[in-house]
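Colleague: Sharing input-v7.csv here; it has CSV, C-alpha atoms and all ligand atoms.
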```csv
chain,number,residue,atom,x,y,z
A,17,MET,CA,-21.4,195.2,76.7
A,18,ALA,CA,-22.7,196.7,73.4
A,19,THR,CA,-25.8,197.8,71.7
A,20,ILE,CA,-26.4,196.7,68.1
A,21,ALA,CA,-28.3,199.2,65.9
A,22,PHE,CA,-29.4,198.2,62.4
A,23,GLN,CA,-30.1,201.2,60.2
A,24,GLU,CA,-31.9,200.6,56.9
A,25,ILE,CA,-29.7,197.5,56.4
A,26,THR,CA,-30.1,195.9,53.0
A,27,LYS,CA,-28.6,192.8,51.3
A,28,LEU,CA,-29.2,192.2,47.6
A,29,TYR,CA,-27.3,189.0,46.6
A,30,PRO,CA,-25.7,189.2,43.2
A,31,LYS,CA,-27.9,188.0,40.3
A,32,THR,CA,-31.1,188.2,42.4
A,33,GLN,CA,-34.0,190.6,41.9
A,34,LYS,CA,-35.3,191.0,45.4
A,35,PRO,CA,-33.3,192.0,48.5
A,36,ALA,CA,-32.9,189.1,51.0
A,37,VAL,CA,-32.9,191.8,53.7
A,38,ASP,CA,-34.7,194.9,52.8
A,39,ALA,CA,-34.1,198.2,54.7
A,40,VAL,CA,-34.3,196.7,58.2
A,41,SER,CA,-33.9,199.1,61.2
A,42,PHE,CA,-34.1,198.2,64.9
A,43,GLU,CA,-31.9,198.1,68.0
A,44,VAL,CA,-30.8,195.3,70.3
A,45,PRO,CA,-30.1,197.0,73.6
A,46,GLU,CA,-26.9,196.0,75.4
A,47,GLY,CA,-27.2,193.0,77.6
A,48,SER,CA,-30.5,191.9,76.1
A,49,THR,CA,-31.5,189.0,73.9
A,50,CYS,CA,-33.4,189.5,70.6
A,51,VAL,CA,-34.7,186.4,68.8
A,52,LEU,CA,-35.2,186.6,65.1
A,53,VAL,CA,-38.2,184.5,63.9
A,54,GLY,CA,-39.9,184.3,60.5
A,55,THR,CA,-40.7,182.0,57.6
A,56,SER,CA,-37.9,180.1,55.9
A,57,GLY,CA,-36.0,182.4,53.5
A,58,SER,CA,-37.2,185.6,55.3
A,59,GLY,CA,-33.6,186.8,55.7
A,60,LYS,CA,-32.8,185.9,59.4
A,61,THR,CA,-29.4,184.3,58.8
A,62,THR,CA,-28.4,186.9,56.3
A,63,LEU,CA,-29.2,189.7,58.8
A,64,LEU,CA,-27.3,187.9,61.6
A,65,ARG,CA,-24.2,187.2,59.4
A,66,MET,CA,-24.0,190.8,58.4
A,67,VAL,CA,-23.2,191.8,62.0
A,68,ASN,CA,-19.8,189.9,61.9
A,69,ARG,CA,-19.5,190.6,58.2
A,70,LEU,CA,-19.5,187.0,57.1
A,71,ILE,CA,-21.9,188.6,54.6
A,72,GLU,CA,-21.3,192.2,53.4
A,73,PRO,CA,-24.3,194.5,53.4
A,74,THR,CA,-25.3,196.2,50.1
A,75,SER,CA,-26.4,199.4,51.9
A,76,GLY,CA,-27.3,200.7,55.3
A,77,ALA,CA,-25.3,200.6,58.5
A,78,ILE,CA,-24.8,198.4,61.5
A,79,ILE,CA,-23.7,200.4,64.5
A,80,ILE,CA,-22.2,198.8,67.5
A,81,ASP,CA,-21.6,201.2,70.4
A,82,GLY,CA,-21.5,204.1,68.0
A,83,LYS,CA,-19.1,202.5,65.5
A,84,ASP,CA,-20.1,201.4,62.0
A,85,VAL,CA,-19.0,197.7,61.7
A,86,LEU,CA,-18.4,198.3,57.9
A,87,LYS,CA,-15.5,200.6,58.8
A,88,GLU,CA,-13.9,198.1,61.2
A,89,ASN,CA,-11.2,195.6,60.6
A,90,THR,CA,-13.0,192.3,60.3
A,91,ILE,CA,-10.6,190.3,62.4
A,92,GLN,CA,-10.8,192.7,65.3
A,93,LEU,CA,-14.6,192.9,64.8
A,94,ARG,CA,-15.0,189.1,65.0
A,95,ARG,CA,-13.0,188.9,68.2
A,96,ARG,CA,-15.6,191.1,69.8
A,97,ILE,CA,-18.4,188.9,68.5
A,98,GLY,CA,-19.0,185.3,69.5
A,99,TYR,CA,-20.7,183.1,66.9
A,100,VAL,CA,-22.5,179.8,67.6
A,101,ILE,CA,-24.2,177.8,64.9
A,102,GLN,CA,-26.0,174.4,64.7
A,103,GLN,CA,-23.0,172.6,63.1
A,104,VAL,CA,-20.7,173.3,66.0
A,105,GLY,CA,-17.6,172.7,63.9
A,106,LEU,CA,-15.2,171.6,66.6
A,107,PHE,CA,-11.7,170.5,65.5
A,108,PRO,CA,-12.0,166.7,65.6
A,109,HIS,CA,-8.3,166.0,66.3
A,110,MET,CA,-8.2,168.4,69.2
A,111,THR,CA,-9.4,167.8,72.8
A,112,VAL,CA,-12.2,169.8,74.2
A,113,GLY,CA,-9.7,171.9,76.2
A,114,GLU,CA,-7.6,172.5,73.1
A,115,ASN,CA,-10.7,173.5,71.1
A,116,VAL,CA,-11.6,176.2,73.7
A,117,ARG,CA,-7.9,177.2,74.3
A,118,VAL,CA,-7.2,177.9,70.6
A,119,THR,CA,-9.9,180.5,70.6
A,120,ALA,CA,-8.9,182.0,73.9
A,121,GLU,CA,-5.3,182.3,72.6
A,122,ILE,CA,-6.6,184.3,69.6
A,123,ALA,CA,-7.9,186.9,72.2
A,124,GLY,CA,-4.3,187.1,73.3
A,125,GLY,CA,-2.9,188.6,76.5
A,126,TRP,CA,-3.1,185.4,78.6
A,127,GLU,CA,0.0,183.8,80.1
A,128,LYS,CA,0.1,180.0,79.8
A,129,GLN,CA,-0.9,179.3,83.4
A,130,ARG,CA,-3.7,181.9,83.2
A,131,LEU,CA,-4.9,180.5,79.8
A,132,ASN,CA,-5.3,177.0,81.3
A,133,LYS,CA,-7.3,178.4,84.1
A,134,ARG,CA,-9.4,180.4,81.7
A,135,VAL,CA,-10.3,177.3,79.7
A,136,ASP,CA,-11.3,175.5,82.9
A,137,GLU,CA,-13.5,178.5,83.9
A,138,LEU,CA,-15.2,178.5,80.5
A,139,LEU,CA,-15.9,174.7,80.7
A,140,ASP,CA,-17.3,175.2,84.2
A,141,LEU,CA,-19.5,178.0,83.0
A,142,VAL,CA,-21.1,175.9,80.3
A,143,GLY,CA,-21.6,173.0,82.7
A,144,LEU,CA,-18.8,170.7,81.6
A,145,PRO,CA,-16.6,170.0,84.7
A,146,PRO,CA,-13.1,170.3,83.3
A,147,ALA,CA,-11.7,167.3,85.1
A,148,ASP,CA,-14.1,165.1,83.2
A,149,TYR,CA,-14.2,166.8,79.9
A,150,ARG,CA,-11.0,168.8,79.2
A,151,LYS,CA,-9.2,165.8,77.7
A,152,ARG,CA,-12.1,164.3,75.7
A,153,PHE,CA,-12.3,164.5,72.0
A,154,PRO,CA,-15.4,165.9,70.3
A,155,ARG,CA,-16.4,162.4,69.1
A,156,GLN,CA,-16.7,161.3,72.7
A,157,LEU,CA,-19.4,164.0,73.4
A,158,SER,CA,-23.1,164.0,72.9
A,159,GLY,CA,-24.7,166.6,70.6
A,160,GLY,CA,-25.7,168.8,73.6
A,161,GLN,CA,-22.2,168.6,75.1
A,162,GLN,CA,-20.6,169.5,71.7
A,163,GLN,CA,-23.0,172.5,71.6
A,164,ARG,CA,-21.8,173.5,75.1
A,165,VAL,CA,-18.1,173.4,73.9
A,166,GLY,CA,-19.2,175.6,71.0
A,167,LEU,CA,-20.7,178.1,73.5
A,168,ALA,CA,-17.5,178.0,75.6
A,169,ARG,CA,-15.5,178.6,72.5
A,170,ALA,CA,-17.7,181.5,71.5
A,171,LEU,CA,-17.3,183.0,75.0
A,172,ALA,CA,-13.5,182.5,75.1
A,173,THR,CA,-12.6,185.9,73.7
A,174,ASP,CA,-15.1,187.5,76.2
A,175,PRO,CA,-17.1,189.1,73.4
A,176,ALA,CA,-19.7,191.7,74.1
A,177,ILE,CA,-22.0,190.2,71.5
A,178,LEU,CA,-23.1,186.7,70.8
A,179,LEU,CA,-24.6,185.7,67.4
A,180,MET,CA,-26.5,182.4,67.7
A,181,ASP,CA,-28.0,180.8,64.5
A,182,GLU,CA,-30.3,178.0,65.4
A,183,PRO,CA,-27.7,176.7,67.9
A,184,PHE,CA,-30.0,174.1,69.4
A,185,GLY,CA,-31.8,173.2,66.2
A,186,ALA,CA,-30.3,169.7,65.9
A,187,LEU,CA,-31.0,168.7,69.5
A,188,ASP,CA,-33.8,166.5,70.8
A,189,ALA,CA,-36.6,168.4,72.7
A,190,ILE,CA,-35.3,167.6,76.2
A,191,THR,CA,-31.7,168.5,75.6
A,192,ARG,CA,-32.8,171.6,73.7
A,193,ALA,CA,-34.9,172.7,76.7
A,194,ARG,CA,-31.9,172.0,79.0
A,195,MET,CA,-29.6,174.1,76.8
A,196,GLN,CA,-32.1,177.0,76.8
A,197,ASP,CA,-32.1,176.9,80.6
A,198,GLU,CA,-28.3,176.8,80.6
A,199,LEU,CA,-28.1,179.8,78.2
A,200,GLN,CA,-30.5,181.7,80.5
A,201,ARG,CA,-28.4,180.8,83.5
A,202,ILE,CA,-25.1,181.8,81.8
A,203,GLN,CA,-26.7,185.0,80.5
A,204,ARG,CA,-27.6,186.0,84.0
A,205,ASP,CA,-23.8,185.9,84.7
A,206,VAL,CA,-22.4,187.3,81.6
A,207,HIS,CA,-25.0,189.8,80.2
A,208,LYS,CA,-24.0,189.6,76.6
A,209,THR,CA,-26.0,191.3,73.8
A,210,ILE,CA,-27.4,188.3,72.0
A,211,LEU,CA,-29.0,188.0,68.5
A,212,PHE,CA,-30.5,184.6,68.2
A,213,VAL,CA,-32.2,183.0,65.1
A,214,SER,CA,-34.8,180.4,65.9
A,215,HIS,CA,-37.6,178.5,64.1
A,216,ASP,CA,-39.1,177.5,67.4
A,217,ILE,CA,-41.6,180.1,68.7
A,218,ASP,CA,-41.5,178.6,72.2
A,219,GLU,CA,-37.8,179.0,72.2
A,220,ALA,CA,-38.2,182.6,71.1
A,221,PHE,CA,-40.7,183.3,73.9
A,222,LYS,CA,-38.5,181.7,76.5
A,223,LEU,CA,-35.2,183.4,75.6
A,224,GLY,CA,-36.2,186.7,73.9
A,225,ASP,CA,-36.4,190.0,75.7
A,226,GLN,CA,-37.5,191.1,72.2
A,227,ILE,CA,-38.7,189.0,69.3
A,228,ALA,CA,-38.2,190.4,65.8
A,229,VAL,CA,-40.5,189.0,63.2
A,230,MET,CA,-39.3,188.9,59.6
A,231,SER,CA,-41.1,188.2,56.4
A,232,GLU,CA,-39.7,188.4,52.9
A,233,GLY,CA,-36.6,190.4,54.0
A,234,LYS,CA,-38.7,193.0,56.0
A,235,LEU,CA,-39.0,193.5,59.7
A,236,VAL,CA,-42.8,193.1,60.3
A,237,GLN,CA,-42.8,193.7,64.0
A,238,ILE,CA,-40.5,193.8,67.0
A,239,GLY,CA,-41.5,193.7,70.6
A,240,SER,CA,-41.5,191.8,73.8
A,241,PRO,CA,-43.2,188.4,73.8
A,242,VAL,CA,-46.2,189.8,75.6
A,243,GLU,CA,-46.5,192.8,73.2
A,244,LEU,CA,-46.5,190.4,70.2
A,245,LEU,CA,-49.0,188.2,71.8
A,246,ALA,CA,-51.3,191.0,73.1
A,247,ARG,CA,-51.0,193.3,70.1
A,248,PRO,CA,-49.8,191.4,67.0
A,249,ALA,CA,-49.3,193.9,64.1
A,250,ASN,CA,-51.3,191.8,61.7
A,251,GLY,CA,-52.6,188.3,61.0
A,252,PHE,CA,-49.2,187.0,59.9
A,253,VAL,CA,-47.6,187.9,63.3
A,254,SER,CA,-50.7,186.6,65.1
A,255,GLN,CA,-50.4,183.3,63.3
A,256,LEU,CA,-46.7,183.0,63.7
A,257,VAL,CA,-46.6,183.8,67.5
A,258,GLY,CA,-49.7,181.7,68.1
A,259,ALA,CA,-51.7,184.6,69.4
A,260,ASP,CA,-54.8,182.2,69.4
A,261,ASN,CA,-52.9,179.6,71.5
A,262,THR,CA,-54.8,179.6,74.8
A,263,LEU,CA,-52.0,178.0,76.8
A,264,ARG,CA,-49.4,180.5,75.5
A,265,GLN,CA,-51.7,183.4,76.4
A,266,LEU,CA,-52.2,182.1,79.9
A,267,GLN,CA,-48.4,181.5,80.3
A,268,TYR,CA,-47.3,184.9,79.1
A,269,LEU,CA,-50.1,187.6,79.5
A,270,PRO,CA,-49.9,189.4,82.8
A,271,VAL,CA,-53.0,189.7,85.0
A,272,SER,CA,-53.0,193.5,84.3
A,273,THR,CA,-54.6,192.6,80.9
A,274,ALA,CA,-57.6,190.9,82.5
A,275,LEU,CA,-58.6,193.1,85.5
A,276,ASP,CA,-62.2,193.3,86.5
A,277,ASN,CA,-62.8,196.8,87.9
A,278,ARG,CA,-66.6,196.7,87.9
A,279,PRO,CA,-67.9,197.8,91.3
A,280,GLU,CA,-70.1,194.7,91.4
A,281,ALA,CA,-67.0,192.5,90.9
A,282,VAL,CA,-66.8,189.8,93.6
A,283,SER,CA,-65.0,191.0,96.8
A,284,SER,CA,-62.3,188.8,98.0
A,285,ALA,CA,-61.5,190.8,101.1
A,286,HIS,CA,-62.3,188.1,103.6
A,287,TRP,CA,-59.9,185.7,101.9
A,288,GLY,CA,-56.8,187.7,103.1
A,289,ASP,CA,-53.4,187.1,101.6
A,290,ALA,CA,-54.4,184.0,99.8
A,291,ALA,CA,-56.5,186.2,97.5
A,292,THR,CA,-53.9,188.8,96.4
A,293,CYS,CA,-51.4,188.6,93.6
A,294,SER,CA,-48.8,190.8,92.0
A,295,PRO,CA,-49.5,192.7,88.7
A,296,ASP,CA,-46.6,190.7,87.1
A,297,ALA,CA,-48.2,187.4,87.7
A,298,THR,CA,-49.4,185.7,84.6
A,299,LEU,CA,-53.0,184.7,83.8
A,300,LEU,CA,-51.9,181.1,84.4
A,301,ASP,CA,-50.4,181.9,87.9
A,302,ALA,CA,-53.7,183.7,88.7
A,303,MET,CA,-55.9,180.9,87.4
A,304,LEU,CA,-54.0,178.2,89.4
A,305,GLN,CA,-54.2,180.4,92.6
A,306,LEU,CA,-57.9,180.9,92.1
A,307,LEU,CA,-58.4,177.1,91.6
A,308,SER,CA,-56.2,176.1,94.5
A,309,THR,CA,-57.5,178.6,97.1
A,310,GLY,CA,-61.1,178.5,96.0
A,311,SER,CA,-61.2,182.3,96.3
A,312,PRO,CA,-63.8,183.9,94.0
A,313,ALA,CA,-61.4,186.7,93.1
A,314,LEU,CA,-57.8,187.9,93.5
A,315,THR,CA,-56.9,191.4,94.4
A,316,VAL,CA,-54.1,192.6,92.2
A,317,THR,CA,-51.7,194.8,94.3
A,318,SER,CA,-48.1,195.7,93.6
A,319,SER,CA,-45.5,195.4,96.4
A,320,ASP,CA,-44.8,199.2,96.5
A,321,SER,CA,-48.5,200.2,96.8
A,322,THR,CA,-51.3,199.5,99.1
A,323,GLN,CA,-53.8,200.6,96.5
A,324,PRO,CA,-55.3,197.6,94.6
A,325,GLN,CA,-55.2,197.8,90.8
A,326,GLY,CA,-58.3,195.7,90.5
A,327,ASN,CA,-59.7,192.2,90.8
A,328,ILE,CA,-59.1,189.1,88.7
A,329,THR,CA,-61.6,186.3,88.4
A,330,LEU,CA,-61.9,183.1,86.3
A,331,ALA,CA,-64.6,185.0,84.4
A,332,SER,CA,-62.3,188.0,83.7
A,333,ILE,CA,-59.5,185.6,82.5
A,334,ASN,CA,-62.0,183.9,80.3
A,335,ARG,CA,-63.2,187.2,78.8
A,336,GLU,CA,-59.6,188.2,78.0
A,337,ILE,CA,-58.8,184.8,76.3
A,338,SER,CA,-62.1,185.0,74.3
A,339,ARG,CA,-61.3,188.6,73.2
A,340,HIS,CA,-58.0,187.3,71.7
A,341,ARG,CA,-59.8,184.5,70.0
A,342,GLY,CA,-62.2,187.0,68.5
A,343,GLN,CA,-59.3,189.1,67.2
A,344,GLN,CA,-57.7,186.0,65.7
A,345,SER,CA,-60.8,185.1,63.8
A,346,GLN,CA,-60.4,188.3,61.8
A,347,PRO,CA,-56.9,187.8,60.3
A,348,ASN,CA,-55.3,190.7,58.4
A,349,GLN,CA,-52.5,189.2,56.3
A,350,PRO,CA,-49.8,191.6,55.0
A,351,GLU,CA,-49.6,191.9,51.3
A,352,GLY,CA,-47.5,189.0,49.8
A,353,SER,CA,-46.8,187.4,53.2
A,354,HIS,CA,-46.9,183.7,53.7
A,355,ALA,CA,-47.0,181.7,56.9
A,401,LIG,N1,-25.5,183.3,48.7
A,401,LIG,C1,-26.7,183.6,48.3
A,401,LIG,N2,-26.9,183.9,47.0
A,401,LIG,C2,-28.2,184.2,46.6
A,401,LIG,N3,-29.3,184.2,47.4
A,401,LIG,C3,-29.1,183.8,48.7
A,401,LIG,C4,-27.8,183.5,49.2
A,401,LIG,N4,-28.0,183.2,50.5
A,401,LIG,C5,-29.3,183.3,50.8
A,401,LIG,N5,-30.0,183.7,49.7
A,401,LIG,C6,-31.4,184.0,49.6
A,401,LIG,O1,-31.7,185.0,50.5
A,401,LIG,C7,-33.0,184.8,51.2
A,401,LIG,C8,-32.8,184.8,52.7
A,401,LIG,O2,-32.0,183.7,53.1
A,401,LIG,P1,-31.7,183.5,54.6
A,401,LIG,O3,-30.8,182.2,54.7
A,401,LIG,O4,-31.1,184.7,55.2
A,401,LIG,O5,-33.1,183.2,55.2
A,401,LIG,P2,-33.5,182.6,56.6
A,401,LIG,O6,-34.7,183.3,57.1
A,401,LIG,O7,-32.3,182.5,57.5
A,401,LIG,O8,-34.0,181.1,56.1
A,401,LIG,P3,-34.1,179.7,56.9
A,401,LIG,O9,-35.0,180.0,58.1
A,401,LIG,O10,-34.6,178.8,55.9
A,401,LIG,O11,-32.7,179.4,57.4
A,401,LIG,C9,-33.5,183.5,50.6
A,401,LIG,O12,-34.4,183.8,49.6
A,401,LIG,C10,-32.3,182.8,50.1
A,401,LIG,O13,-32.6,182.0,49.0
```
In structure tokens, write the structure found in this file.

Modeller:
Amino acid sequence: MATIAFQEITKLYPKTQKPAVDAVSFEVPEGSTCVLVGTSGSGKTTLLRMVNRLIEPTSGAIIIDGKDVLKENTIQLRRRIGYVIQQVGLFPHMTVGENVRVTAEIAGGWEKQRLNKRVDELLDLVGLPPADYRKRFPRQLSGGQQQRVGLARALATDPAILLMDEPFGALDAITRARMQDELQRIQRDVHKTILFVSHDIDEAFKLGDQIAVMSEGKLVQIGSPVELLARPANGFVSQLVGADNTLRQLQYLPVSTALDNRPEAVSSAHWGDAATCSPDATLLDAMLQLLSTGSPALTVTSSDSTQPQGNITLASINREISRHRGQQSQPNQPEGSHA
């Protein structure tokens, strides 16, 4: 596993006036997923490709587990970093097995027998049963299946880091959602440090432990999906993450944001367990529980405490959502930003 630390990283392309990435600093903690979002041309791909040095930074540093990537041998560096892009780029004349094997071989150290087993393990991991898929050619696969092979190949060297640039961008909505689920499942097993570029804010919310918002080469805000939704740094972030999107607020904001602690708040004591919920429940969970049980309120209590944190009611949920709507109607655009 590995932490990626960007320190004042900057890229000024030759013959351009303005840096594509401008003194960006943040950290992706090991084993976590950070999704880069932002307007087109905001520098996401440039930032990503500086990690494996497909693009050389102009200044600043990228530190992986204490080592500056600029001081590393690029071949060794790229073995430690898997890279998945939208155009999967499988070798068309090689079978699926050979495509994965060729990358596993680069990692070295595998005996032939072990190498074949490793290829099968990787195909299994990405949901392509080897008996069915090992001998197929890329043209005999759907777009989603090709993307799975791309992921197997990126994982073949067992890298600590995965860079993923719009990997599911070319897939239809249903296949895309399935691939996102698969990535989450795989990540629960492999715990890679993932830097992921996306244009799709729902994808960012689903996959990101952190979301980094970029605009015109600068990092505007980084935080968890809930932090961005609850406290967008400015009108640009608010608009980009859809902080005024009621369904998204209900889906992601925890009940702790909408507690009603007034003494006159409705007591739900006589509703028993049906009227309790955990502080991690979302506003949507709470709303559905309130509607399905008919209880006037839910008592929010964590599992390790008998002391209630407060009550939640349909009215307190509504107040929280209206408060966000109020904030959103007073946008505060950063200078020079565009949505
Ligand atoms: N090789 C290059 N030479 C000069 N300028 C470049 C080069 N590659 C990218 N740029 C510029 O750098 C800026 C950032 O580009 P980049 O591809 O990193 O943005 P992005 O956020 O990934 O965009 P998109 O979402 O459209 O893929 C853009 O203004 C782009 O025109």

Colleague: For atom CA of A:Val44 and atom CA of A:Glu198, quote the distance in Å rounded to one decimal.

Modeller: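 Answer for the atom CA of A:Val44 to atom CA of A:Glu198 separation: 21.3 Å.
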
Colleague: Kindly provide, as a PyMOL selection string, all nucleotide and amino acid residues lying within 12 Å of ligand LIG 401 (chain A), counting all atoms listed in the file.

Modeller: chain A and resi 26-38+52-66+70-72+101-102+180-183+185+212-216+228-235

Colleague: Ranking A:Met110, A:Leu244, A:Lys128, A:Ile177 by minimum distance to A:Arg150 and counting all atoms listed in the file, which one comes first?

Modeller: A:Met110

Colleague: Excluding stretch 294-306 of chain A and any residue of its chain fewer than 6 positions from it, enumerate the residues within 10 Å of it, using all atoms listed in the file, and give them as an NGL selection string.

Modeller: :A and (263-275 or 312-319 or 324-326 or 328-330 or 332-334 or 336-337)

Colleague: Taking into account only C-alpha atoms, which residue in the set A:Thr191, A:Asn115, A:Thr90, A:Gln156 is nearest to A:Ala168?

Modeller: A:Asn115

Colleague: Between atom CA of A:Leu199 and atom CA of A:Asn68, what distance in Å does the model show, to one decimal?

Modeller: 20.9 Å

Colleague: Between atom CA of A:Ile227 and atom CA of A:Arg194, measure the distance and give it in Å to one decimal.

Modeller: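 Computed distance, atom CA of A:Ile227 to atom CA of A:Arg194, equals 20.7 Å.
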
Colleague: Which protein, DNA or RNA residues are at most 12 Å from (-26.3, 187.7, 82.6) in the file's coordinates when you count all atoms listed in the file, listed as a list in words?

Modeller: Met17, Glu46, Gly47, Ser48, Thr49, Leu141, Ala176, Glu198, Leu199, Gln200, Arg201, Ile202, Gln203, Arg204, Asp205, Val206, His207, Lys208, Thr209 and Ile210 of chain A

Colleague: Which residues come within 12 Å of A:Leu131, counting only C-alpha atoms, excluding same-chain residues fewer than 2 positions away, as a list of chain:residue names?

Modeller: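 Contacts, with the query itself left out: A:Gly113, A:Glu114, A:Val116, A:Arg117, A:Val118, A:Thr119, A:Ala120, A:Glu121, A:Ile122, A:Ala123, A:Gly124, A:Gly125, A:Trp126, A:Glu127, A:Lys128, A:Gln129, A:Lys133, A:Arg134, A:Val135, A:Asp136, A:Glu137, A:Leu138, A:Ala172, A:Thr173.
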
Colleague: When distances are computed from only C-alpha atoms, which of A:Pro154, A:Pro241, A:Gly166, A:Gly160 shows the smallest separation from A:His109?

Modeller: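 Closest to A:His109, using only C-alpha atoms: A:Pro154.
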